[in-house]
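Heads up, upload35.cif below (mmCIF, C-alpha atoms):
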data_upload
loop_
_atom_site.label_atom_id
_atom_site.label_comp_id
_atom_site.auth_asym_id
_atom_site.auth_seq_id
_atom_site.Cartn_x
_atom_site.Cartn_y
_atom_site.Cartn_z
CA MET A 1 70.11 119.21 25.62
CA LYS A 2 68.08 122.28 26.55
CA LYS A 3 68.24 123.36 30.19
CA ILE A 4 64.90 124.47 31.63
CA LEU A 5 64.41 125.92 35.11
CA VAL A 6 60.94 125.70 36.67
CA LEU A 7 60.45 128.17 39.51
CA GLY A 8 57.75 127.05 41.94
CA SER A 9 56.61 123.52 42.74
CA GLY A 10 52.92 124.16 43.27
CA LYS A 11 50.17 122.42 41.32
CA ILE A 12 51.07 123.94 37.95
CA GLY A 13 54.84 124.17 38.32
CA SER A 14 55.21 120.54 39.37
CA ALA A 15 52.90 119.37 36.55
CA ALA A 16 54.88 121.37 33.97
CA ALA A 17 58.18 119.97 35.29
CA TYR A 18 56.75 116.45 35.00
CA MET A 19 55.53 117.03 31.43
CA LEU A 20 58.77 118.63 30.25
CA HIS A 21 60.81 115.85 31.86
CA GLN A 22 59.12 113.36 29.54
CA ASN A 23 61.09 114.90 26.67
CA LYS A 24 64.54 113.37 27.00
CA ASN A 25 66.09 116.31 25.13
CA TYR A 26 65.25 118.60 28.06
CA ALA A 27 67.19 118.79 31.34
CA ILE A 28 64.78 120.05 34.01
CA THR A 29 65.60 121.78 37.29
CA ILE A 30 62.86 122.73 39.74
CA ALA A 31 63.45 125.35 42.43
CA ASP A 32 61.43 126.21 45.52
CA SER A 33 61.77 127.06 49.19
CA PHE A 34 61.10 123.53 50.44
CA LYS A 35 60.68 119.95 49.24
CA ASN A 36 57.01 119.07 49.04
CA ASP A 37 55.73 115.67 47.91
CA ALA A 38 55.70 116.76 44.27
CA VAL A 39 59.37 117.80 44.44
CA LEU A 40 60.36 114.55 46.12
CA GLU A 41 58.60 112.60 43.35
CA LEU A 42 60.28 114.65 40.63
CA GLU A 43 63.66 114.20 42.30
CA LYS A 44 63.20 110.42 42.23
CA MET A 45 62.48 110.69 38.51
CA GLY A 46 65.81 112.44 37.91
CA VAL A 47 64.74 116.09 37.93
CA SER A 48 67.36 118.33 39.56
CA VAL A 49 66.16 120.19 42.66
CA LEU A 50 67.27 123.52 44.15
CA ILE A 51 65.98 124.61 47.56
CA GLY A 52 66.37 128.18 48.78
CA ASN A 53 64.74 131.53 49.42
CA PHE A 54 63.49 133.50 46.40
CA SER A 55 64.19 136.73 48.30
CA ASP A 56 67.90 135.78 48.38
CA ASP A 57 69.73 137.24 45.37
CA ALA A 58 72.55 134.70 45.68
CA PHE A 59 70.11 131.79 45.52
CA LEU A 60 68.33 133.18 42.47
CA GLN A 61 71.63 133.84 40.74
CA GLN A 62 72.65 130.24 41.43
CA ALA A 63 69.32 129.02 40.06
CA PHE A 64 69.42 131.11 36.86
CA GLN A 65 73.03 130.75 35.82
CA HIS A 66 73.75 128.06 33.22
CA GLN A 67 70.01 127.80 32.41
CA GLU A 68 68.59 128.54 28.95
CA TYR A 69 64.88 128.71 29.78
CA VAL A 70 62.91 129.64 32.87
CA LEU A 71 59.26 128.93 33.58
CA ASN A 72 57.98 131.17 36.36
CA ALA A 73 55.20 129.30 38.20
CA CYS A 74 55.45 131.43 41.34
CA PRO A 75 52.88 133.83 42.86
CA PHE A 76 52.34 136.88 40.67
CA ASN A 77 53.91 139.28 43.19
CA LEU A 78 57.34 137.76 42.40
CA ASN A 79 57.06 138.30 38.65
CA VAL A 80 59.00 141.55 38.29
CA ARG A 81 61.87 140.28 40.43
CA LEU A 82 62.16 137.06 38.43
CA VAL A 83 61.86 138.90 35.11
CA ASP A 84 64.81 141.07 36.10
CA PHE A 85 66.93 137.99 36.86
CA ALA A 86 65.99 136.45 33.52
CA LEU A 87 67.01 139.66 31.73
CA LYS A 88 70.28 139.87 33.67
CA ASN A 89 71.20 136.25 32.92
CA ASN A 90 70.05 136.17 29.26
CA VAL A 91 67.53 133.41 29.93
CA HIS A 92 64.36 132.88 27.88
CA TYR A 93 61.40 133.72 30.15
CA PHE A 94 57.86 132.26 30.29
CA ASP A 95 55.15 132.65 32.93
CA LEU A 96 51.53 131.75 33.68
CA SER A 97 50.43 134.99 35.27
CA GLU A 98 47.14 136.80 34.71
CA ASP A 99 48.61 139.88 36.37
CA VAL A 100 48.34 142.80 33.96
CA ALA A 101 50.86 145.08 35.70
CA SER A 102 53.75 142.61 35.50
CA THR A 103 52.93 141.81 31.86
CA ASN A 104 53.08 145.53 31.06
CA TYR A 105 56.49 145.66 32.76
CA ILE A 106 57.71 142.74 30.65
CA GLN A 107 56.51 144.49 27.50
CA GLN A 108 58.60 147.54 28.42
CA ILE A 109 61.88 145.74 29.13
CA ALA A 110 61.73 142.91 26.54
CA PRO A 111 62.76 144.94 23.45
CA LYS A 112 66.29 145.36 24.82
CA ALA A 113 66.65 141.67 25.71
CA LYS A 114 68.78 139.13 23.86
CA THR A 115 66.25 136.45 24.77
CA VAL A 116 62.50 135.99 24.44
CA PHE A 117 59.89 137.00 27.03
CA ILE A 118 56.50 135.30 26.70
CA PRO A 119 54.15 135.90 29.66
CA GLN A 120 50.59 134.63 30.23
CA CYS A 121 51.21 131.15 28.78
CA GLY A 122 48.52 129.26 30.68
CA LEU A 123 44.86 128.50 30.01
CA ALA A 124 43.35 132.00 30.07
CA PRO A 125 45.25 133.94 29.01
CA GLY A 126 47.15 131.44 26.92
CA PHE A 127 45.29 128.71 25.09
CA VAL A 128 42.07 130.73 25.02
CA SER A 129 43.83 133.80 23.58
CA ILE A 130 45.52 131.77 20.83
CA ALA A 131 42.36 129.84 19.93
CA ALA A 132 40.20 132.99 19.89
CA LYS A 133 42.63 134.82 17.60
CA HIS A 134 42.58 131.79 15.30
CA LEU A 135 38.77 132.00 15.01
CA CYS A 136 38.96 135.76 14.44
CA ASN A 137 41.34 135.32 11.52
CA TYR A 138 38.60 133.49 9.57
CA PHE A 139 36.34 136.54 9.27
CA ASP A 140 36.45 139.47 6.90
CA VAL A 141 34.80 141.74 9.49
CA LEU A 142 34.50 141.01 13.20
CA GLN A 143 31.45 141.81 15.29
CA ASP A 144 31.33 139.96 18.63
CA VAL A 145 33.93 137.91 20.50
CA LYS A 146 32.96 136.15 23.72
CA LEU A 147 35.36 134.15 25.90
CA ARG A 148 33.98 132.12 28.83
CA VAL A 149 36.29 129.95 30.93
CA GLY A 150 35.88 128.20 34.27
CA ALA A 151 37.95 125.91 36.48
CA LEU A 152 35.19 124.23 38.46
CA THR A 153 34.91 121.75 41.28
CA LEU A 154 32.96 118.68 40.19
CA ASN A 155 31.14 118.21 43.50
CA PRO A 156 31.31 121.36 45.69
CA ASN A 157 29.36 121.36 48.97
CA ASN A 158 29.99 124.85 50.39
CA ALA A 159 28.10 128.10 49.90
CA LEU A 160 30.63 129.41 47.34
CA LYS A 161 30.20 126.19 45.35
CA TYR A 162 33.95 126.24 44.88
CA ASN A 163 37.05 124.39 46.03
CA LEU A 164 40.66 125.48 45.56
CA SER A 165 42.36 123.87 42.59
CA TRP A 166 45.07 126.46 41.79
CA SER A 167 46.68 129.58 43.25
CA THR A 168 44.45 131.34 45.81
CA ASP A 169 46.48 134.54 45.28
CA GLY A 170 45.83 134.37 41.56
CA LEU A 171 42.13 133.64 42.05
CA LEU A 172 41.51 136.60 44.34
CA ASN A 173 43.68 138.91 42.24
CA GLU A 174 41.55 138.40 39.12
CA TYR A 175 38.40 139.29 41.11
CA ALA A 176 39.89 142.63 42.20
CA HIS A 177 41.03 144.58 39.14
CA PRO A 178 39.36 146.29 36.15
CA CYS A 179 38.86 144.10 33.11
CA ASP A 180 39.86 145.01 29.55
CA ALA A 181 37.01 144.77 27.04
CA ILE A 182 35.68 146.37 23.87
CA SER A 183 32.14 147.75 23.81
CA ASN A 184 30.61 149.27 20.67
CA HIS A 185 34.07 149.66 19.09
CA GLN A 186 35.49 151.41 22.19
CA MET A 187 38.23 150.04 24.47
CA VAL A 188 36.83 150.05 28.01
CA LYS A 189 37.67 148.93 31.54
CA LEU A 190 34.87 146.93 33.15
CA PRO A 191 34.61 146.31 36.90
CA ALA A 192 35.38 142.77 38.07
CA LEU A 193 32.50 140.73 39.52
CA GLU A 194 30.05 142.62 37.27
CA GLY A 195 28.36 141.72 33.99
CA LEU A 196 26.68 138.69 35.56
CA GLU A 197 24.99 136.30 33.14
CA HIS A 198 23.49 132.81 33.50
CA PHE A 199 23.38 129.77 31.23
CA THR A 200 22.72 126.03 31.39
CA LEU A 201 24.99 123.33 29.94
CA ASP A 202 24.23 119.60 30.14
CA GLY A 203 21.48 120.37 32.65
CA ILE A 204 23.78 122.28 35.04
CA GLU A 205 23.23 125.96 35.85
CA TYR A 206 26.27 128.22 35.56
CA GLU A 207 27.00 131.92 35.79
CA ALA A 208 29.72 134.04 34.23
CA PHE A 209 31.05 137.46 35.23
CA ASN A 210 33.90 139.86 34.48
CA THR A 211 37.38 139.02 35.79
CA SER A 212 40.72 140.60 34.98
CA GLY A 213 43.70 139.19 33.13
CA GLY A 214 42.07 136.28 31.32
CA ILE A 215 41.70 138.17 28.07
CA GLY A 216 45.46 138.75 27.87
CA GLY A 217 46.39 141.11 25.04
CA LEU A 218 43.49 140.17 22.79
CA ALA A 219 41.53 143.37 23.46
CA HIS A 220 44.52 145.53 22.52
CA GLN A 221 45.17 143.48 19.37
CA LEU A 222 41.54 143.69 18.22
CA ASN A 223 40.91 147.29 19.21
CA GLY A 224 39.50 149.02 16.15
CA LYS A 225 38.72 145.67 14.48
CA VAL A 226 35.81 144.29 16.54
CA LYS A 227 32.54 145.76 17.78
CA ASN A 228 32.30 143.89 21.12
CA LEU A 229 34.72 141.66 23.00
CA ASP A 230 34.71 140.43 26.59
CA TYR A 231 36.07 137.72 28.86
CA LYS A 232 34.15 136.20 31.78
CA THR A 233 34.93 133.53 34.35
CA VAL A 234 32.44 130.67 34.73
CA ARG A 235 31.27 129.51 38.18
CA TYR A 236 28.29 127.69 39.62
CA LYS A 237 25.25 129.87 40.26
CA GLY A 238 25.53 132.07 43.38
CA HIS A 239 29.33 132.35 43.57
CA CYS A 240 29.54 135.90 42.24
CA ASN A 241 27.14 137.45 44.75
CA LEU A 242 29.01 135.88 47.67
CA MET A 243 32.33 137.20 46.37
CA ARG A 244 30.78 140.68 46.04
CA PHE A 245 29.67 140.40 49.67
CA LEU A 246 33.21 139.52 50.75
CA TYR A 247 34.93 142.13 48.58
CA ASP A 248 32.55 145.07 48.83
CA ASP A 249 30.41 144.68 51.94
CA LEU A 250 33.12 143.22 54.20
CA GLY A 251 36.01 145.14 52.60
CA PHE A 252 38.24 142.21 51.68
CA LYS A 253 38.95 143.78 48.29
CA ASN A 254 41.44 145.97 50.19
CA ASN A 255 42.76 143.17 52.39
CA ARG A 256 43.28 140.25 50.03
CA ALA A 257 46.17 138.86 52.09
CA LEU A 258 43.79 138.15 54.98
CA LEU A 259 41.15 136.73 52.64
CA THR A 260 43.78 134.48 51.06
CA GLU A 261 44.67 133.17 54.52
CA ILE A 262 40.98 132.58 55.33
CA PHE A 263 40.39 130.76 52.04
CA ASN A 264 43.46 128.58 52.47
CA LYS A 265 42.44 127.60 56.00
CA ASN A 266 38.73 127.03 55.40
CA ILE A 267 38.09 126.09 51.77
CA PRO A 268 39.25 122.57 50.88
CA THR A 269 41.45 121.90 47.90
CA THR A 270 40.27 119.38 45.33
CA LYS A 271 41.73 117.12 42.69
CA GLU A 272 38.28 116.50 41.20
CA ASP A 273 37.77 119.40 38.82
CA VAL A 274 36.62 120.15 35.30
CA ILE A 275 37.60 122.95 32.91
CA LEU A 276 34.89 124.59 30.80
CA ILE A 277 35.91 126.61 27.74
CA TYR A 278 33.53 128.45 25.41
CA ILE A 279 34.78 130.78 22.69
CA SER A 280 32.34 132.41 20.28
CA VAL A 281 33.19 134.72 17.38
CA ALA A 282 30.57 136.30 15.11
CA GLY A 283 31.34 138.35 12.04
CA ILE A 284 31.02 138.78 8.30
CA LYS A 285 32.49 136.24 5.89
CA ASN A 286 31.85 136.69 2.16
CA ASN A 287 29.07 139.19 2.97
CA VAL A 288 27.27 136.70 5.22
CA LEU A 289 26.88 137.02 9.01
CA GLU A 290 28.37 133.87 10.52
CA GLN A 291 29.33 132.51 13.94
CA LYS A 292 32.10 130.08 14.89
CA THR A 293 32.52 128.50 18.32
CA ILE A 294 35.00 126.35 20.23
CA THR A 295 33.86 124.42 23.29
CA TYR A 296 35.81 122.09 25.57
CA LYS A 297 35.04 120.26 28.79
CA ILE A 298 38.26 118.83 30.25
CA PRO A 299 38.04 116.80 33.49
CA HIS A 300 40.76 115.63 35.85
CA GLN A 301 42.47 112.48 34.58
CA ILE A 302 44.81 109.67 35.62
CA ILE A 303 47.71 109.40 33.17
CA ASN A 304 50.30 106.64 33.48
CA GLY A 305 49.06 106.01 37.01
CA LYS A 306 49.49 109.66 38.03
CA HIS A 307 46.55 111.95 38.83
CA PHE A 308 46.32 115.37 37.21
CA THR A 309 43.63 117.98 37.77
CA GLY A 310 42.01 119.62 34.77
CA ILE A 311 43.66 122.92 35.61
CA GLN A 312 47.07 121.22 35.68
CA LEU A 313 46.56 119.54 32.32
CA THR A 314 45.32 122.66 30.56
CA THR A 315 47.60 125.27 32.14
CA ALA A 316 50.83 123.28 32.30
CA GLY A 317 50.11 121.74 28.90
CA SER A 318 49.81 125.16 27.29
CA VAL A 319 53.02 126.64 28.69
CA CYS A 320 54.96 123.47 27.85
CA ALA A 321 53.66 123.70 24.27
CA VAL A 322 54.85 127.32 23.96
CA ILE A 323 58.30 126.50 25.38
CA ASP A 324 58.54 123.54 22.98
CA LEU A 325 57.60 125.75 20.02
CA HIS A 326 60.31 128.23 20.93
CA ILE A 327 62.93 125.51 21.32
CA ASN A 328 61.98 124.23 17.86
CA GLU A 329 62.31 127.78 16.43
CA LYS A 330 58.63 128.15 15.57
CA LEU A 331 58.50 131.46 17.48
CA PRO A 332 60.60 134.66 17.50
CA GLN A 333 63.82 133.99 19.36
CA LYS A 334 64.01 137.27 21.26
CA GLY A 335 61.89 140.19 22.45
CA PHE A 336 58.28 140.28 23.61
CA VAL A 337 55.82 137.75 22.18
CA MET A 338 52.07 138.00 22.78
CA GLN A 339 49.97 134.86 23.08
CA GLU A 340 47.83 136.08 20.19
CA ASP A 341 50.89 136.04 17.89
CA ILE A 342 51.61 132.36 18.49
CA PRO A 343 50.70 130.40 15.32
CA TYR A 344 47.67 128.27 16.17
CA ASP A 345 48.32 125.53 13.60
CA GLU A 346 51.81 124.82 14.97
CA TYR A 347 50.66 125.22 18.57
CA ALA A 348 47.71 122.83 18.18
CA LYS A 349 50.03 120.08 16.91
CA SER A 350 51.97 120.03 20.17
CA PRO A 351 51.89 116.74 22.09
CA PHE A 352 51.59 118.83 25.27
CA LEU A 353 48.08 119.88 24.17
CA LYS A 354 46.69 116.36 23.68
CA TYR A 355 44.54 116.87 26.78
CA TYR A 356 42.50 119.51 24.97
CA PHE A 357 41.66 117.62 21.80
#

Please re-express this file's structure in structure tokens.
Amino acid sequence: MKKILVLGSGKIGSAAAYMLHQNKNYAITIADSFKNDAVLELEKMGVSVLIGNFSDDAFLQQAFQHQEYVLNACPFNLNVRLVDFALKNNVHYFDLSEDVASTNYIQQIAPKAKTVFIPQCGLAPGFVSIAAKHLCNYFDVLQDVKLRVGALTLNPNNALKYNLSWSTDGLLNEYAHPCDAISNHQMVKLPALEGLEHFTLDGIEYEAFNTSGGIGGLAHQLNGKVKNLDYKTVRYKGHCNLMRFLYDDLGFKNNRALLTEIFNKNIPTTKEDVILIYISVAGIKNNVLEQKTITYKIPHQIINGKHFTGIQLTTAGSVCAVIDLHINEKLPQKGFVMQEDIPYDEYAKSPFLKYYF
């Protein structure tokens, strides 16, 4: 029986623990600083629970020892600390982070590890990176790759047209940093909250704009192979300009901790969300210019009497699929693995991805 430690019992961590627990060959432990309702429910189901402070080395050592796998579902600012404990304890490491700096750190330390390190295993990066690379592999010559992804509130009623459905820290972090892209065959860094575009789908107006992290390592993998590539987050029309006002005019770009506190106090959370995914790849196949697209619209759902948001189903489902592939020896067993190197055909068969298809 494989022992899997889930660090963090927020929306995604608790959903991943629930999904993994359904496989009776996996023994799941969830660790956090307190017992919220999700932890209490998991405990009743037979999931082991550890409560302690993640700043306490003794607690983390207790949590990591005797585990084989760890899924880090904590805020991105804990990544490096948790990576170091995984390396020290020879535990296979997976995370959901869009944070580029911590992923770069993992890439540096992973080659000397006896175990595998696979960061960015969520929706975007994660599923979107793997699916986009799969489309790219079809073409003889690549021209344009566009990735558009949004976690949207179904019925927002505030000026931002947005409710909180995942990590506020993660949300505000991706609005703050330069974004990897390729423009006219050149690797570039684009400013977040720029590149605004508008489109209509099913009669609803949306916008999309640059955000960091969602592209994962795809730009680096396709550098020199594609003319143009970019990733943009989808929101309802008007969201981007209000975030620019907060970040640039009011200066919250340099005080995200305060803005996180304000968001958490004043913007409601929601369980009624929908995930929009649009991936488009254009290129040459057999001397003909062709385009292939993938589109998904994944709403919140009730499964076996339990409610899951769309962001839980897509993000937790993806990381569980990657862990399951590794356990079944469909992935390299040690070192650094990029999302784009995960074999799509094996990945798409995973029962953890049934919410996508």

Counting all atoms listed in the file, which residue out of A:Ile130, A:Ile275, A:Leu250, A:Ala63 sits closest to Leu218 in chain A?
A:Ile130

Could you tell me which residues the PyMOL selection byres ((chain A and resi 131-142) around 10) returns for this structure, as JSON, numbers by chain?
{"A": [126, 127, 128, 129, 130, 143, 144, 145, 146, 147, 215, 218, 221, 222, 224, 225, 226, 227, 228, 229, 278, 279, 280, 281, 282, 283, 284, 285, 286, 287, 288, 289, 290, 291, 292, 293, 294, 339, 340, 341, 342, 343, 344, 345, 347, 348]}

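Once the PyMOL selection byres ((chain A and resi 331) around 12) is applied to the shown structure, the selection contains Thr115, Val116, Phe117, Ile118, Ala321, Val322, Ile323, Asp324, Leu325, His326, Ile327, Asn328, Glu329, Lys330, Pro332, Gln333, Lys334, Gly335, Phe336, Val337, Met338, Gln339, Glu340, Asp341, Ile342, Pro343, Tyr344, Glu346 and Tyr347 of chain A.
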
Keeping only C-alpha atoms, write the selected residues as a short mmCIF file (atom, residue, chain, number, x, y, z; two decimals), in the coordinates of the input.
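File selection-v7.cif, as written:
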data_model
loop_
_atom_site.label_atom_id
_atom_site.label_comp_id
_atom_site.auth_asym_id
_atom_site.auth_seq_id
_atom_site.Cartn_x
_atom_site.Cartn_y
_atom_site.Cartn_z
CA THR A 115 66.25 136.45 24.77
CA VAL A 116 62.50 135.99 24.44
CA PHE A 117 59.89 137.00 27.03
CA ILE A 118 56.50 135.30 26.70
CA ALA A 321 53.66 123.70 24.27
CA VAL A 322 54.85 127.32 23.96
CA ILE A 323 58.30 126.50 25.38
CA ASP A 324 58.54 123.54 22.98
CA LEU A 325 57.60 125.75 20.02
CA HIS A 326 60.31 128.23 20.93
CA ILE A 327 62.93 125.51 21.32
CA ASN A 328 61.98 124.23 17.86
CA GLU A 329 62.31 127.78 16.43
CA LYS A 330 58.63 128.15 15.57
CA PRO A 332 60.60 134.66 17.50
CA GLN A 333 63.82 133.99 19.36
CA LYS A 334 64.01 137.27 21.26
CA GLY A 335 61.89 140.19 22.45
CA PHE A 336 58.28 140.28 23.61
CA VAL A 337 55.82 137.75 22.18
CA MET A 338 52.07 138.00 22.78
CA GLN A 339 49.97 134.86 23.08
CA GLU A 340 47.83 136.08 20.19
CA ASP A 341 50.89 136.04 17.89
CA ILE A 342 51.61 132.36 18.49
CA PRO A 343 50.70 130.40 15.32
CA TYR A 344 47.67 128.27 16.17
CA GLU A 346 51.81 124.82 14.97
CA TYR A 347 50.66 125.22 18.57
#

Counting all atoms listed in the file, what is within 10 Å of Leu123 in chain A, bar same-chain residues fewer than 5 positions away, as an mmCIF file with C-alpha atoms, keeping the file's coordinate frame?
data_model
loop_
_atom_site.group_PDB
_atom_site.id
_atom_site.type_symbol
_atom_site.label_atom_id
_atom_site.label_comp_id
_atom_site.auth_asym_id
_atom_site.auth_seq_id
_atom_site.Cartn_x
_atom_site.Cartn_y
_atom_site.Cartn_z
ATOM 1 C CA LEU A 96 51.530 131.750 33.680
ATOM 2 C CA GLU A 98 47.140 136.800 34.710
ATOM 3 C CA VAL A 128 42.070 130.730 25.020
ATOM 4 C CA SER A 129 43.830 133.800 23.580
ATOM 5 C CA ILE A 130 45.520 131.770 20.830
ATOM 6 C CA VAL A 149 36.290 129.950 30.930
ATOM 7 C CA GLY A 150 35.880 128.200 34.270
ATOM 8 C CA ALA A 151 37.950 125.910 36.480
ATOM 9 C CA GLY A 214 42.070 136.280 31.320
ATOM 10 C CA ILE A 275 37.600 122.950 32.910
ATOM 11 C CA ILE A 277 35.910 126.610 27.740
ATOM 12 C CA ILE A 311 43.660 122.920 35.610
ATOM 13 C CA GLN A 312 47.070 121.220 35.680
ATOM 14 C CA LEU A 313 46.560 119.540 32.320
ATOM 15 C CA THR A 314 45.320 122.660 30.560
ATOM 16 C CA THR A 315 47.600 125.270 32.140
ATOM 17 C CA ALA A 316 50.830 123.280 32.300
ATOM 18 C CA GLY A 317 50.110 121.740 28.900
ATOM 19 C CA SER A 318 49.810 125.160 27.290
ATOM 20 C CA VAL A 319 53.020 126.640 28.690
#

Fewer than 6 positions away in the same chain doesn't count, so skip those; otherwise give me all residues within 12 Å of Leu50 in chain A, counting only C-alpha atoms, as a PyMOL selection string.
chain A and resi 5-9+28-35+39-40+42-43+59-64

Take the residues from that selection and write them out as an mmCIF file, keeping the file's coordinate frame, keeping C-alpha atoms.
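Saved to out-v6.cif:
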data_model
loop_
_atom_site.group_PDB
_atom_site.id
_atom_site.type_symbol
_atom_site.label_atom_id
_atom_site.label_comp_id
_atom_site.auth_asym_id
_atom_site.auth_seq_id
_atom_site.Cartn_x
_atom_site.Cartn_y
_atom_site.Cartn_z
ATOM 1 C CA LEU A 5 64.410 125.920 35.110
ATOM 2 C CA VAL A 6 60.940 125.700 36.670
ATOM 3 C CA LEU A 7 60.450 128.170 39.510
ATOM 4 C CA GLY A 8 57.750 127.050 41.940
ATOM 5 C CA SER A 9 56.610 123.520 42.740
ATOM 6 C CA ILE A 28 64.780 120.050 34.010
ATOM 7 C CA THR A 29 65.600 121.780 37.290
ATOM 8 C CA ILE A 30 62.860 122.730 39.740
ATOM 9 C CA ALA A 31 63.450 125.350 42.430
ATOM 10 C CA ASP A 32 61.430 126.210 45.520
ATOM 11 C CA SER A 33 61.770 127.060 49.190
ATOM 12 C CA PHE A 34 61.100 123.530 50.440
ATOM 13 C CA LYS A 35 60.680 119.950 49.240
ATOM 14 C CA VAL A 39 59.370 117.800 44.440
ATOM 15 C CA LEU A 40 60.360 114.550 46.120
ATOM 16 C CA LEU A 42 60.280 114.650 40.630
ATOM 17 C CA GLU A 43 63.660 114.200 42.300
ATOM 18 C CA PHE A 59 70.110 131.790 45.520
ATOM 19 C CA LEU A 60 68.330 133.180 42.470
ATOM 20 C CA GLN A 61 71.630 133.840 40.740
ATOM 21 C CA GLN A 62 72.650 130.240 41.430
ATOM 22 C CA ALA A 63 69.320 129.020 40.060
ATOM 23 C CA PHE A 64 69.420 131.110 36.860
#

Nearest to His198 in chain A among A:Ile303, A:Cys121, A:Val234, A:Leu20, with distances taken over only C-alpha atoms: which residue is it?
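Closest residue, counting only C-alpha atoms: A:Val234.
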
Quick one: residues within 8 Å of Pro268 in chain A, all atoms listed in the file counted, chain neighbours fewer than 4 positions away excluded, as a list in words?
Asn163, Leu164 and Asn264 of chain A

Store the residues of this selection in a file with C-alpha atoms, as a PDB file, in the frame of the given file.
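Saved to out34.pdb:
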ATOM      1  CA  ASN A 163      37.050 124.390  46.030  1.00  0.00           C
ATOM      2  CA  LEU A 164      40.660 125.480  45.560  1.00  0.00           C
ATOM      3  CA  ASN A 264      43.460 128.580  52.470  1.00  0.00           C
TER       4      ASN A 264
END

Nearest-residue call for Arg256 in chain A, choices A:Glu68, A:Glu174, A:Asp84, A:Asp56, using only C-alpha atoms
A:Glu174

Let me know the residues the PyMOL selection byres ((chain A and resi 213) around 12) catches in the file above, as a compact mmCIF listing (two decimals) with C-alpha atoms, in the coordinates of the input.
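selection39.txt was written with the following content:
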# COMPACT_ATOMS: atom_id res chain seq x y z
CA PHE A 76 52.34 136.88 40.67
CA LEU A 96 51.53 131.75 33.68
CA SER A 97 50.43 134.99 35.27
CA GLU A 98 47.14 136.80 34.71
CA ASP A 99 48.61 139.88 36.37
CA VAL A 100 48.34 142.80 33.96
CA ALA A 101 50.86 145.08 35.70
CA SER A 102 53.75 142.61 35.50
CA THR A 103 52.93 141.81 31.86
CA ASN A 104 53.08 145.53 31.06
CA PRO A 119 54.15 135.90 29.66
CA GLN A 120 50.59 134.63 30.23
CA CYS A 121 51.21 131.15 28.78
CA GLY A 122 48.52 129.26 30.68
CA LEU A 123 44.86 128.50 30.01
CA ALA A 124 43.35 132.00 30.07
CA PRO A 125 45.25 133.94 29.01
CA GLY A 126 47.15 131.44 26.92
CA VAL A 128 42.07 130.73 25.02
CA SER A 129 43.83 133.80 23.58
CA GLY A 170 45.83 134.37 41.56
CA LEU A 171 42.13 133.64 42.05
CA LEU A 172 41.51 136.60 44.34
CA ASN A 173 43.68 138.91 42.24
CA GLU A 174 41.55 138.40 39.12
CA TYR A 175 38.40 139.29 41.11
CA ALA A 176 39.89 142.63 42.20
CA HIS A 177 41.03 144.58 39.14
CA PRO A 178 39.36 146.29 36.15
CA CYS A 179 38.86 144.10 33.11
CA ASP A 180 39.86 145.01 29.55
CA ALA A 181 37.01 144.77 27.04
CA LYS A 189 37.67 148.93 31.54
CA LEU A 190 34.87 146.93 33.15
CA ALA A 192 35.38 142.77 38.07
CA ASN A 210 33.90 139.86 34.48
CA THR A 211 37.38 139.02 35.79
CA SER A 212 40.72 140.60 34.98
CA GLY A 214 42.07 136.28 31.32
CA ILE A 215 41.70 138.17 28.07
CA GLY A 216 45.46 138.75 27.87
CA GLY A 217 46.39 141.11 25.04
CA LEU A 218 43.49 140.17 22.79
CA ALA A 219 41.53 143.37 23.46
CA ASP A 230 34.71 140.43 26.59
CA TYR A 231 36.07 137.72 28.86
CA LYS A 232 34.15 136.20 31.78
CA THR A 233 34.93 133.53 34.35

Closest to Phe85 in chain A among A:His21, A:Tyr356, A:Gln65, A:Ala73, using only C-alpha atoms?
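Checking each candidate against Phe85 in chain A, we get A:Gln65 as the closest.
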
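Here CA of Glu272 in chain A and CA of Tyr236 in chain A stand 15.1 Å from one another.
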
Within 7 Å of Leu196 in chain A, counting all atoms listed in the file, which residues qualify if same-chain residues fewer than 6 places away don't, as an MDAnalysis selection string?
chainID A and resid 207:209

What's the separation between CA of Ala58 in chain A and CA of Asp37 in chain A, in Å to one decimal place?
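Result for CA of Ala58 in chain A versus CA of Asp37 in chain A: 25.5 Å, one decimal.
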
Between CA of Asn25 in chain A and CA of His307 in chain A, what is the distance, to one decimal in Å?
24.3 Å

A:Lys265, A:His220, A:Lys88, A:Arg148 ranked by distance to Thr168 in chain A, top pick (using all atoms listed in the file)
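Distance minimum relative to Thr168 in chain A lands on A:Lys265.
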
Counting all atoms listed in the file, which of A:Tyr355, A:Leu78, A:His185, A:Lys253 gets nearest to Ile302 in chain A?
A:Tyr355

Residues within 12 Å of (26.3, 136.4, 46.7), file coordinates, counting only C-alpha atoms: what are they? Give the list as a compact mmCIF listing (two decimals) with C-alpha atoms, in the frame of the given file.
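Dumped to result.txt:
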# COMPACT_ATOMS: atom_id res chain seq x y z
CA ALA A 159 28.10 128.10 49.90
CA LEU A 160 30.63 129.41 47.34
CA LYS A 161 30.20 126.19 45.35
CA LEU A 193 32.50 140.73 39.52
CA GLU A 194 30.05 142.62 37.27
CA LEU A 196 26.68 138.69 35.56
CA GLU A 207 27.00 131.92 35.79
CA TYR A 236 28.29 127.69 39.62
CA LYS A 237 25.25 129.87 40.26
CA GLY A 238 25.53 132.07 43.38
CA HIS A 239 29.33 132.35 43.57
CA CYS A 240 29.54 135.90 42.24
CA ASN A 241 27.14 137.45 44.75
CA LEU A 242 29.01 135.88 47.67
CA MET A 243 32.33 137.20 46.37
CA ARG A 244 30.78 140.68 46.04
CA PHE A 245 29.67 140.40 49.67
CA LEU A 246 33.21 139.52 50.75
CA TYR A 247 34.93 142.13 48.58
CA ASP A 248 32.55 145.07 48.83
CA ASP A 249 30.41 144.68 51.94
